[in-house]
$ cat start29.txt   # compact mmCIF, C-alpha atoms and all ligand atoms
# COMPACT_ATOMS: atom_id res chain seq x y z
CA MET Q 217 -121.32 208.02 126.77
CA ALA Q 218 -120.64 210.68 124.13
CA LEU Q 219 -122.40 210.40 120.79
CA SER Q 220 -120.47 208.83 117.93
CA ALA Q 221 -119.51 211.13 115.05
CA PHE Q 222 -120.50 208.28 112.73
CA ALA Q 223 -124.05 207.31 111.87
CA PRO Q 224 -125.58 204.42 109.97
CA PRO Q 225 -125.67 203.35 107.21
CA ASP Q 226 -122.04 202.44 106.47
CA ALA Q 227 -120.60 203.47 109.82
CA PRO Q 228 -117.11 202.01 110.47
CA ASP Q 229 -117.37 198.90 112.65
CA LEU Q 230 -116.18 199.82 116.15
CA GLU Q 231 -115.39 196.17 116.97
CA GLU Q 232 -113.09 196.06 113.95
CA ILE Q 233 -111.46 199.35 114.99
CA ARG Q 234 -110.87 197.96 118.49
CA LYS Q 235 -108.99 194.99 117.07
CA CYS Q 236 -106.03 197.34 116.60
CA VAL Q 237 -103.59 196.80 119.48
CA HIS Q 238 -101.41 199.79 118.49
CA CYS Q 239 -98.36 197.59 117.98
CA GLY Q 240 -97.07 199.68 115.05
CA ILE Q 241 -95.99 196.69 112.96
CA CYS Q 242 -97.86 198.18 110.00
CA LEU Q 243 -96.06 201.53 110.12
CA PRO Q 244 -92.96 200.68 108.03
CA GLN Q 245 -95.26 199.20 105.35
CA CYS Q 246 -97.34 202.38 105.01
CA PRO Q 247 -96.34 204.56 102.04
CA THR Q 248 -97.87 207.77 103.41
CA TYR Q 249 -96.14 207.31 106.78
CA ARG Q 250 -92.93 206.76 104.91
CA VAL Q 251 -93.30 209.97 102.88
CA LEU Q 252 -94.86 212.23 105.52
CA GLY Q 253 -93.44 210.72 108.74
CA GLU Q 254 -96.60 211.69 110.68
CA GLU Q 255 -98.29 209.29 113.10
CA MET Q 256 -101.70 210.54 111.93
CA ASP Q 257 -100.77 209.61 108.36
CA SER Q 258 -100.01 206.03 109.40
CA PRO Q 259 -102.53 203.17 109.71
CA ARG Q 260 -102.30 203.22 113.51
CA GLY Q 261 -102.86 206.98 113.56
CA ARG Q 262 -105.82 206.77 111.20
CA ILE Q 263 -107.38 203.97 113.25
CA TYR Q 264 -106.87 206.10 116.37
CA LEU Q 265 -108.76 208.94 114.66
CA MET Q 266 -111.56 206.58 113.60
CA ARG Q 267 -111.87 205.24 117.15
CA ALA Q 268 -111.95 208.70 118.68
CA ALA Q 269 -114.70 209.71 116.23
CA ALA Q 270 -116.65 206.48 116.80
CA GLU Q 271 -116.46 206.96 120.59
CA GLY Q 272 -117.60 210.56 120.33
CA ARG Q 273 -114.29 212.11 121.39
CA LEU Q 274 -113.69 213.79 118.03
CA THR Q 275 -115.82 215.39 115.36
CA LEU Q 276 -115.21 215.03 111.62
CA THR Q 277 -113.07 218.13 111.29
CA GLU Q 278 -111.12 219.27 108.26
CA THR Q 279 -107.91 217.89 109.81
CA PHE Q 280 -109.58 214.50 110.37
CA THR Q 281 -110.74 214.50 106.73
CA ARG Q 282 -107.30 215.42 105.45
CA HIS Q 283 -105.56 212.50 107.23
CA ILE Q 284 -108.19 210.06 105.96
CA ASP Q 285 -108.06 211.43 102.41
CA LEU Q 286 -104.26 211.25 102.27
CA CYS Q 287 -104.45 207.47 102.65
CA LEU Q 288 -103.76 205.66 99.38
CA GLY Q 289 -106.08 202.79 100.27
CA CYS Q 290 -103.23 200.47 99.26
CA ARG Q 291 -104.01 198.06 102.15
CA ALA Q 292 -100.35 197.25 102.79
CA CYS Q 293 -101.20 197.73 106.47
CA GLU Q 294 -103.79 194.98 106.21
CA THR Q 295 -101.39 192.28 105.06
CA ALA Q 296 -98.86 193.41 107.70
CA CYS Q 297 -101.29 193.47 110.63
CA PRO Q 298 -101.01 190.54 113.08
CA SER Q 299 -104.43 191.39 114.58
CA GLY Q 300 -106.15 191.04 111.21
CA VAL Q 301 -107.61 194.57 111.17
CA ARG Q 302 -109.54 194.97 107.91
CA PHE Q 303 -108.31 198.48 107.29
CA GLY Q 304 -109.67 198.69 103.73
CA SER Q 305 -113.31 198.39 104.78
CA LEU Q 306 -112.77 200.74 107.74
CA LEU Q 307 -111.32 203.33 105.37
CA GLU Q 308 -114.15 202.95 102.86
CA ALA Q 309 -116.78 203.28 105.60
CA THR Q 310 -115.03 206.31 107.12
CA ARG Q 311 -114.89 207.98 103.73
CA ALA Q 312 -118.58 207.19 103.21
CA GLN Q 313 -119.28 209.18 106.41
CA LEU Q 314 -117.15 212.07 105.20
CA ARG Q 315 -118.64 212.13 101.69
CA ARG Q 316 -122.12 212.75 103.09
CA HIS Q 317 -120.97 216.33 103.35
CA GLY Q 318 -119.64 216.25 99.77
CA PRO Q 319 -116.01 216.35 98.66
CA PRO Q 320 -113.58 218.79 100.30
CA PRO Q 321 -114.32 222.27 98.81
CA ARG Q 322 -110.86 222.61 97.22
CA ARG Q 323 -111.45 219.64 94.94
CA ARG Q 324 -115.20 219.81 94.36
CA PHE Q 325 -114.90 220.50 90.62
CA LEU Q 326 -112.26 217.84 90.04
CA ASP Q 327 -114.29 215.26 91.98
CA ARG Q 328 -117.37 216.02 89.90
CA PHE Q 329 -115.36 215.58 86.71
CA ILE Q 330 -113.65 212.37 87.81
CA TYR Q 331 -116.80 210.57 88.93
CA ALA Q 332 -118.86 211.80 85.99
CA VAL Q 333 -116.31 210.53 83.45
CA PHE Q 334 -113.99 207.78 84.72
CA PRO Q 335 -116.59 205.15 85.69
CA GLU Q 336 -118.70 205.79 82.55
CA PRO Q 337 -117.06 203.87 79.69
CA ASP Q 338 -118.78 205.91 76.93
CA ARG Q 339 -117.90 209.27 78.46
CA LEU Q 340 -114.37 208.09 79.19
CA GLY Q 341 -114.03 206.97 75.56
CA ALA Q 342 -115.19 210.40 74.35
CA ALA Q 343 -112.80 212.22 76.72
CA LEU Q 344 -109.90 210.05 75.57
CA GLY Q 345 -110.84 210.76 71.93
CA LEU Q 346 -110.38 214.47 72.68
CA LEU Q 347 -107.05 213.72 74.35
CA ARG Q 348 -105.92 211.78 71.30
CA LEU Q 349 -106.67 214.89 69.24
CA TYR Q 350 -104.83 217.07 71.78
CA ARG Q 351 -101.72 214.94 71.44
CA ARG Q 352 -101.77 214.41 67.69
CA SER Q 353 -102.64 218.01 66.74
CA GLY Q 354 -99.41 219.25 68.36
CA LEU Q 355 -101.39 221.16 70.99
CA GLN Q 356 -99.82 219.07 73.75
CA ARG Q 357 -96.34 220.07 72.66
CA LEU Q 358 -97.39 223.71 72.56
CA VAL Q 359 -99.01 223.62 76.02
CA ARG Q 360 -95.97 221.89 77.51
CA SER Q 361 -93.58 224.38 75.95
CA THR Q 362 -95.36 227.26 77.73
CA GLY Q 363 -94.79 225.61 81.14
CA ALA Q 364 -98.31 226.74 82.14
CA LEU Q 365 -99.20 223.30 83.52
CA ARG Q 366 -96.93 223.77 86.53
CA PHE Q 367 -99.55 226.16 87.95
CA PHE Q 368 -102.15 223.38 87.78
CA PRO Q 369 -100.46 220.36 89.41
CA ARG Q 370 -103.55 218.13 89.32
CA LEU Q 371 -104.20 218.86 85.66
CA ALA Q 372 -100.51 218.28 84.94
CA ALA Q 373 -100.67 214.94 86.76
CA MET Q 374 -103.64 213.85 84.66
CA GLU Q 375 -102.07 215.04 81.42
CA GLY Q 376 -98.70 213.44 82.16
CA LEU Q 377 -100.20 210.02 82.86
CA LEU Q 378 -101.31 209.37 79.35
CA GLY Q 379 -99.06 207.79 76.81
CA ASP Q 380 -100.49 206.99 73.43
CA VAL Q 381 -104.28 206.68 73.35
CA PRO Q 382 -105.14 203.72 71.10
CA ARG Q 383 -108.38 203.28 69.20
CA ALA Q 384 -110.27 200.59 71.06
CA GLU Q 385 -112.41 198.18 69.02
CA PRO Q 386 -114.97 196.16 70.99
CA LEU Q 387 -114.02 192.53 71.53
CA PRO Q 388 -116.09 189.72 70.01
CA GLU Q 389 -118.89 188.71 72.36
CA LEU Q 390 -117.79 185.09 72.42
CA TYR Q 391 -114.43 183.32 72.27
CA PRO Q 392 -115.00 179.56 71.82
CA ALA Q 393 -112.93 177.26 74.05
CA ARG Q 394 -109.95 175.64 72.35
CA GLY Q 395 -109.00 172.02 73.00
CA ARG Q 396 -110.49 170.32 76.05
CA ARG Q 397 -113.38 172.49 77.28
CA ARG Q 398 -113.14 173.37 80.99
CA GLY Q 399 -116.19 175.60 81.32
CA ARG Q 400 -117.52 179.08 80.63
CA VAL Q 401 -116.25 182.39 82.00
CA GLY Q 402 -117.30 186.02 81.72
CA LEU Q 403 -114.68 188.70 81.10
CA LEU Q 404 -114.84 192.11 82.76
CA THR Q 405 -113.45 194.62 80.25
CA GLY Q 406 -113.24 197.50 82.76
CA CYS Q 407 -113.24 201.22 82.01
CA VAL Q 408 -109.61 202.34 81.76
CA GLN Q 409 -108.52 198.89 80.60
CA ARG Q 410 -111.07 198.84 77.78
CA HIS Q 411 -109.99 202.20 76.39
CA LEU Q 412 -106.28 202.46 77.13
CA PHE Q 413 -105.20 198.81 77.15
CA PRO Q 414 -107.64 197.05 74.80
CA HIS Q 415 -104.88 194.61 73.81
CA VAL Q 416 -104.71 193.39 77.43
CA ASN Q 417 -108.39 192.45 77.29
CA ARG Q 418 -107.90 190.77 73.91
CA ASP Q 419 -104.86 188.84 75.17
CA THR Q 420 -106.76 187.81 78.31
CA ALA Q 421 -109.67 186.43 76.27
CA ARG Q 422 -107.36 184.56 73.87
CA LEU Q 423 -105.35 182.98 76.67
CA LEU Q 424 -108.46 181.89 78.55
CA ALA Q 425 -109.87 180.35 75.35
CA LEU Q 426 -106.57 178.58 74.74
CA ALA Q 427 -106.73 177.24 78.30
CA GLY Q 428 -110.09 175.63 77.50
CA TRP Q 429 -112.55 178.27 78.72
CA GLU Q 430 -115.41 179.58 76.60
CA VAL Q 431 -115.21 183.33 77.13
CA VAL Q 432 -118.31 185.53 77.16
CA VAL Q 433 -117.72 189.28 76.86
CA PRO Q 434 -121.11 190.89 77.61
CA ARG Q 435 -121.71 194.06 75.59
CA GLY Q 436 -122.79 197.14 77.47
CA GLN Q 437 -121.14 196.07 80.71
CA GLY Q 438 -120.49 199.03 82.95
CA CYS Q 439 -117.98 199.92 85.63
CA CYS Q 440 -117.46 197.66 88.67
CA GLY Q 441 -117.61 200.71 90.97
CA ALA Q 442 -114.13 200.27 92.49
CA LEU Q 443 -113.26 203.97 92.24
CA GLU Q 444 -116.46 204.94 93.98
CA LEU Q 445 -116.05 202.35 96.72
CA HIS Q 446 -112.55 203.57 97.53
CA ALA Q 447 -113.78 207.16 97.62
CA GLY Q 448 -116.66 206.33 100.00
CA ARG Q 449 -119.36 206.94 97.36
CA THR Q 450 -121.11 203.82 98.54
CA ASP Q 451 -124.58 204.50 97.04
CA ASP Q 452 -123.13 204.87 93.54
CA PHE Q 453 -120.92 201.84 94.15
CA ARG Q 454 -123.87 199.66 95.17
CA ALA Q 455 -125.87 200.71 92.11
CA ARG Q 456 -122.95 199.78 89.83
CA ALA Q 457 -122.42 196.44 91.58
CA ARG Q 458 -126.11 195.55 91.07
CA ARG Q 459 -125.94 196.51 87.39
CA LEU Q 460 -122.80 194.47 86.85
CA VAL Q 461 -124.31 191.40 88.48
CA ALA Q 462 -127.22 191.64 86.04
CA THR Q 463 -124.79 191.90 83.09
CA PHE Q 464 -123.15 188.50 83.45
CA PRO Q 465 -125.07 185.34 82.51
CA ASP Q 466 -125.88 183.08 85.47
CA ASP Q 467 -124.20 180.09 83.85
CA VAL Q 468 -120.63 181.44 83.89
CA ASP Q 469 -118.35 179.49 86.22
CA TRP Q 470 -116.10 182.49 86.86
CA VAL Q 471 -115.98 186.21 86.18
CA VAL Q 472 -112.43 187.09 85.22
CA THR Q 473 -110.70 190.44 85.65
CA ASN Q 474 -107.25 191.59 84.62
CA ALA Q 475 -107.33 194.84 86.60
CA ALA Q 476 -106.33 194.46 90.26
CA GLY Q 477 -108.53 197.31 91.51
CA CYS Q 478 -111.64 195.92 89.82
CA GLY Q 479 -111.01 192.37 91.02
CA SER Q 480 -110.45 193.49 94.59
CA ALA Q 481 -113.69 195.51 94.69
CA MET Q 482 -115.70 192.72 93.06
CA LYS Q 483 -114.38 190.07 95.45
CA GLU Q 484 -115.73 192.25 98.26
CA TYR Q 485 -119.17 192.88 96.75
CA GLY Q 486 -120.75 190.57 99.32
CA HIS Q 487 -119.75 192.87 102.20
CA TRP Q 488 -121.68 195.77 100.65
CA VAL Q 489 -124.42 194.27 98.47
CA ARG Q 490 -125.89 190.99 99.70
CA GLU Q 491 -127.29 189.95 96.31
CA ALA Q 492 -123.86 190.43 94.72
CA SER Q 493 -122.13 187.90 96.97
CA GLY Q 494 -122.60 185.14 94.35
CA LEU Q 495 -120.60 187.13 91.81
CA ALA Q 496 -118.00 188.00 94.45
CA VAL Q 497 -117.12 184.37 95.13
CA ARG Q 498 -116.91 183.65 91.39
CA THR Q 499 -114.48 186.51 90.66
CA ARG Q 500 -110.88 185.64 89.87
CA ASP Q 501 -107.87 187.42 88.51
CA VAL Q 502 -106.68 186.18 85.12
CA THR Q 503 -103.42 184.93 86.64
CA GLU Q 504 -105.36 182.75 89.09
CA MET Q 505 -107.32 181.31 86.16
CA LEU Q 506 -104.21 180.52 84.14
CA ALA Q 507 -102.04 179.24 86.99
CA ASP Q 508 -102.67 175.56 86.19
CA ALA Q 509 -103.35 175.94 82.44
CA GLU Q 510 -101.32 174.10 79.86
CA LEU Q 511 -100.07 176.77 77.46
CA PRO Q 512 -97.75 176.25 74.48
CA LEU Q 513 -95.20 178.80 75.72
CA GLY Q 514 -92.25 179.53 73.47
CA ARG Q 515 -88.89 181.14 74.14
CA LEU Q 516 -88.67 184.79 75.13
CA GLU Q 517 -85.18 186.03 75.98
CA LEU Q 518 -86.02 188.87 78.35
CA THR Q 519 -85.06 190.16 81.77
CA VAL Q 520 -88.30 191.02 83.50
CA THR Q 521 -89.19 192.37 86.92
CA TYR Q 522 -92.61 192.26 88.56
CA HIS Q 523 -94.38 195.03 90.47
CA ASP Q 524 -97.14 193.85 92.83
CA ALA Q 525 -100.22 195.98 92.26
CA CYS Q 526 -101.59 196.81 95.75
CA HIS Q 527 -105.07 195.51 95.08
CA LEU Q 528 -103.70 192.24 93.76
CA ALA Q 529 -101.07 191.60 96.47
CA HIS Q 530 -102.78 193.21 99.49
CA GLY Q 531 -106.41 193.32 98.32
CA GLN Q 532 -106.63 189.84 96.76
CA ARG Q 533 -103.48 188.23 98.21
CA VAL Q 534 -102.45 187.13 94.74
CA ARG Q 535 -98.65 187.22 94.59
CA GLN Q 536 -97.36 183.87 93.45
CA GLU Q 537 -99.57 183.15 90.42
CA PRO Q 538 -98.25 185.98 88.20
CA ARG Q 539 -94.65 185.18 89.14
CA GLN Q 540 -95.10 181.45 88.52
CA LEU Q 541 -96.67 182.14 85.11
CA LEU Q 542 -93.83 184.42 84.09
CA ARG Q 543 -91.23 181.88 85.29
CA ARG Q 544 -92.81 179.26 83.05
CA ILE Q 545 -91.83 181.21 79.91
CA PRO Q 546 -88.62 179.60 78.59
CA GLY Q 547 -85.72 182.06 78.37
CA LEU Q 548 -87.44 184.68 80.55
CA ARG Q 549 -85.37 185.73 83.55
CA LEU Q 550 -87.50 187.08 86.40
CA VAL Q 551 -85.58 189.38 88.75
CA GLU Q 552 -87.22 190.29 92.02
CA LEU Q 553 -87.94 193.97 92.58
CA ALA Q 554 -87.04 195.34 96.02
CA GLU Q 555 -90.17 196.53 97.84
CA SER Q 556 -92.23 195.17 94.96
CA ASP Q 557 -95.46 195.60 96.93
CA LEU Q 558 -94.88 199.21 97.92
CA CYS Q 559 -97.48 201.40 96.16
CA CYS Q 560 -96.25 203.15 92.99
CA GLY Q 561 -98.44 206.17 93.82
CA SER Q 562 -101.15 205.45 91.27
CA ALA Q 563 -103.89 204.21 93.66
CA GLY Q 564 -106.95 204.82 91.49
CA VAL Q 565 -107.17 208.59 91.10
CA TYR Q 566 -104.75 209.37 93.95
CA SER Q 567 -101.95 210.40 91.58
CA ILE Q 568 -104.28 213.10 90.22
CA LEU Q 569 -105.63 214.22 93.61
CA GLU Q 570 -102.33 214.14 95.52
CA PRO Q 571 -99.63 214.52 92.85
CA GLY Q 572 -96.85 215.45 95.30
CA ILE Q 573 -96.97 212.28 97.41
CA ALA Q 574 -97.68 210.15 94.33
CA ARG Q 575 -94.56 211.54 92.63
CA GLU Q 576 -92.34 210.70 95.61
CA LEU Q 577 -93.58 207.12 95.62
CA LEU Q 578 -93.15 206.86 91.87
CA GLU Q 579 -89.58 208.15 92.10
CA LEU Q 580 -88.78 205.43 94.62
CA LYS Q 581 -90.43 202.77 92.46
CA ILE Q 582 -88.46 203.83 89.37
CA THR Q 583 -85.20 203.79 91.35
CA ARG Q 584 -85.95 200.25 92.50
CA ILE Q 585 -86.81 199.18 88.94
CA ALA Q 586 -83.58 200.70 87.61
CA GLU Q 587 -81.62 198.69 90.23
CA THR Q 588 -82.93 195.40 88.79
CA GLY Q 589 -81.44 195.98 85.33
CA ALA Q 590 -84.67 194.58 83.82
CA THR Q 591 -85.83 195.84 80.44
CA VAL Q 592 -89.45 194.89 81.06
CA VAL Q 593 -91.71 195.58 84.05
CA ALA Q 594 -94.81 193.43 84.39
CA THR Q 595 -97.76 194.44 86.56
CA GLY Q 596 -101.44 193.54 86.77
CA ASN Q 597 -103.29 196.84 87.01
CA PRO Q 598 -103.91 199.61 84.44
CA GLY Q 599 -103.23 202.41 86.93
CA CYS Q 600 -99.79 200.96 87.74
CA LEU Q 601 -99.10 200.41 84.03
CA MET Q 602 -99.71 204.11 83.31
CA GLN Q 603 -97.98 205.41 86.43
CA ILE Q 604 -94.79 203.35 86.03
CA ALA Q 605 -94.60 204.03 82.28
CA GLN Q 606 -94.84 207.75 83.01
CA GLY Q 607 -92.15 207.55 85.69
CA ALA Q 608 -89.84 205.64 83.37
CA ARG Q 609 -90.40 208.19 80.57
CA ALA Q 610 -89.65 211.06 82.93
CA ARG Q 611 -86.45 209.37 84.19
CA GLY Q 612 -85.37 208.37 80.66
CA LEU Q 613 -85.28 204.73 81.79
CA ASP Q 614 -85.50 202.35 78.87
CA VAL Q 615 -88.07 199.83 80.12
CA THR Q 616 -91.30 198.54 78.64
CA VAL Q 617 -94.21 198.25 81.06
CA VAL Q 618 -96.67 195.45 80.33
CA HIS Q 619 -99.40 193.30 81.82
CA PRO Q 620 -98.21 189.69 82.41
CA VAL Q 621 -100.74 188.40 79.83
CA GLU Q 622 -98.91 190.37 77.12
CA LEU Q 623 -95.72 188.41 77.79
CA LEU Q 624 -97.60 185.12 77.78
CA VAL Q 625 -99.15 185.93 74.39
CA ARG Q 626 -95.83 187.06 72.98
CA SER Q 627 -94.26 183.78 74.02
CA ILE Q 628 -96.95 181.75 72.26
CA GLU Q 629 -96.04 181.86 68.65
CA GLY Q 630 -98.10 182.18 65.50
CA GLU Q 631 -101.21 180.14 64.88
CA ALA Q 632 -101.42 178.71 68.39
CA ILE Q 633 -102.98 181.92 69.65
S1 LIG M 1 -104.01 201.75 103.20
FE1 LIG M 1 -101.86 202.13 102.62
S2 LIG M 1 -101.60 204.35 102.81
FE2 LIG M 1 -103.48 203.82 103.91
S3 LIG M 1 -102.86 203.52 106.03
FE3 LIG M 1 -102.78 201.48 105.05
S4 LIG M 1 -100.67 201.25 104.33
FE4 LIG M 1 -100.99 203.45 104.78
S1 LIG M 2 -100.33 196.29 112.76
FE1 LIG M 2 -102.54 196.12 113.11
S2 LIG M 2 -102.76 196.10 115.31
FE2 LIG M 2 -100.68 196.86 114.90
S3 LIG M 2 -100.93 199.12 114.81
FE3 LIG M 2 -101.15 198.36 112.73
S4 LIG M 2 -103.37 198.11 112.46
FE4 LIG M 2 -102.99 198.23 114.68
$ encode --input "start29.txt" --output "structure tokens"
Amino acid sequence: MALSAFAPPDAPDLEEIRKCVHCGICLPQCPTYRVLGEEMDSPRGRIYLMRAAAEGRLTLTETFTRHIDLCLGCRACETACPSGVRFGSLLEATRAQLRRHGPPPRRRFLDRFIYAVFPEPDRLGAALGLLRLYRRSGLQRLVRSTGALRFFPRLAAMEGLLGDVPRAEPLPELYPARGRRRGRVGLLTGCVQRHLFPHVNRDTARLLALAGWEVVVPRGQGCCGALELHAGRTDDFRARARRLVATFPDDVDWVVTNAAGCGSAMKEYGHWVREASGLAVRTRDVTEMLADAELPLGRLELTVTYHDACHLAHGQRVRQEPRQLLRRIPGLRLVELAESDLCCGSAGVYSILEPGIARELLELKITRIAETGATVVATGNPGCLMQIAQGARARGLDVTVVHPVELLVRSIEGEAI
């Protein structure tokens, strides 16, 4: 038998690959298949490539790498698959094999920048401080007026994503439980969330406290490693997972996230890092934590639609909790979004690495949002918040894009929160 192109550690599981029966049910759910129309850019095609490589019929060529790298990692194929193929872990393992040879040459510099800055909260904070200066000094207007960014599509994608960059103050380390105490939870503040959406972290902590949880916000907590896991940088991911486990006190009942990508990676820690499996089973999204909470919700006359972040709907299978919470707000009208779980093109750093495909998906998402007539879009992931807000700005669509916790806090009036 020919030698596999994959080698341990982190080789894709051939048994898992062989679970695919080539039925094609996942194809219409796959955003890259939809945009590119190529079998090799569909889940079935990618699994075919993985199998051929695992059985030694194919080497890890540039073409192979390209089809694997064009995948968004959205995992829509996973929730569609009747055979239960765990595509997400196959993709991560395949990328781990590819990354042994480093990133593709054409994006070596960008990769180095992304992974040196994005998962390092202090460096990310410093970079965003410079961006704040870039915007407020008028330099951004000047650069845009020259049109020079069109020659650098990836830089343009990164630059266009950012709205206002707020000043992020650290949260208090402890939020005492209010009312009947239910237990103690740790809050993951994330990297992008901490710097660009600090109010979402604050709102999450206040709501959890109001629901009876004592909230611990460990200082110095690092990145969960989600970006690195999805890119196949498994050694860096494992190191971050171990550090994060050591950050949270042992006595917390749950570790709560409000960023779909982080929650999805943390819930899968056990697959990659045995000693992190305890934290994995104690990880929950904030909407899961609040689903049965008694909250003094007041009236909010708004028409809202909800976009399912991929790593919440497909990665964590959390779809109903955010919707049920929003429906509980008196006066709030929730209108369903067509294809609400189709990726918006954000997908971690995908919108920077593959701006063309990301833009097509974003265009479709904005069209669907416009069809709802909603004035507010709620979604549970910082990448989606930025991506959809940018798409709405570009289209001139008058919608506000928020995390569901922001609406809950707005509906709770005055002193209660
Ligand atoms: S993860 Fe998403 S983009 Fe990748 S193959 Fe599956 S459905 Fe397609
Ligand atoms: S739905 Fe599942 S079994 Fe069918 S082609 Fe897709 S991955 Fe394979």
$ residues_around --input "start29.txt" --residues "Leu288 of chain Q" --least-positions-apart "6" --cutoff "10 Å" --atoms "all atoms listed in the file" --output "number ranges by chain"
Q: 246-248, 307, 446, 526, 559, 561-567, 570, 573-574
$ closest_residue --input "start29.txt" --among "Q:Arg454, Q:His527, Q:Arg291, Q:Arg500" --to "ligand LIG 2 (chain M)" --atoms "all atoms listed in the file"
Q:Arg291
$ residues_around --input "start29.txt" --residues "Leu326 of chain Q" --least-positions-apart "2" --cutoff "12 Å" --atoms "all atoms listed in the file" --output "list in words"
Pro319, Pro320, Pro321, Arg322, Arg323, Arg324, Arg328, Phe329, Ile330, Tyr331, Ala332, Val333, Phe334, Phe368, Arg370, Leu371, Met374, Val565, Tyr566, Ile568, Leu569 and Glu570 of chain Q
$ residues_around --input "start29.txt" --residues "Glu255 of chain Q" --least-positions-apart "6" --cutoff "10 Å" --atoms "only C-alpha atoms" --output "ChimeraX atom specification"
/Q:240,243,248-249,261-262,264,283
$ closest_residue --input "start29.txt" --among "Q:Val461, Q:Cys297, Q:Leu347, Q:Ala268" --to "ligand LIG 1 (chain M)" --atoms "all atoms listed in the file"
Q:Cys297
$ closest_residue --input "start29.txt" --among "Q:Ile545, Q:Cys290, Q:Ala384, Q:Leu355" --to "Cys560 of chain Q" --atoms "only C-alpha atoms"
Q:Cys290
$ residues_near_ligand --input "start29.txt" --ligand "ligand LIG 2 (chain M)" --cutoff "8 Å" --atoms "only C-alpha atoms and all ligand atoms" --output "PyMOL selection string"
chain Q and resi 235-243+259-260+263+293-294+296-301+303
$ closest_residue --input "start29.txt" --among "Q:Gly438, Q:Gly514, Q:Pro620, Q:Gly531" --to "ligand LIG 1 (chain M)" --atoms "only C-alpha atoms and all ligand atoms"
Q:Gly531
$ residues_around --input "start29.txt" --residues "segment 594-603 of chain Q" --least-positions-apart "2" --cutoff "8 Å" --atoms "all atoms listed in the file" --output "number ranges by chain"
Q: 377-379, 408-409, 413, 474-477, 520-525, 528, 560-564, 578, 592, 605-607, 617-620
$ atom_distance --input "start29.txt" --atom1 "atom CA of Val502 of chain Q" --atom2 "atom CA of Thr420 of chain Q"
7.0 Å
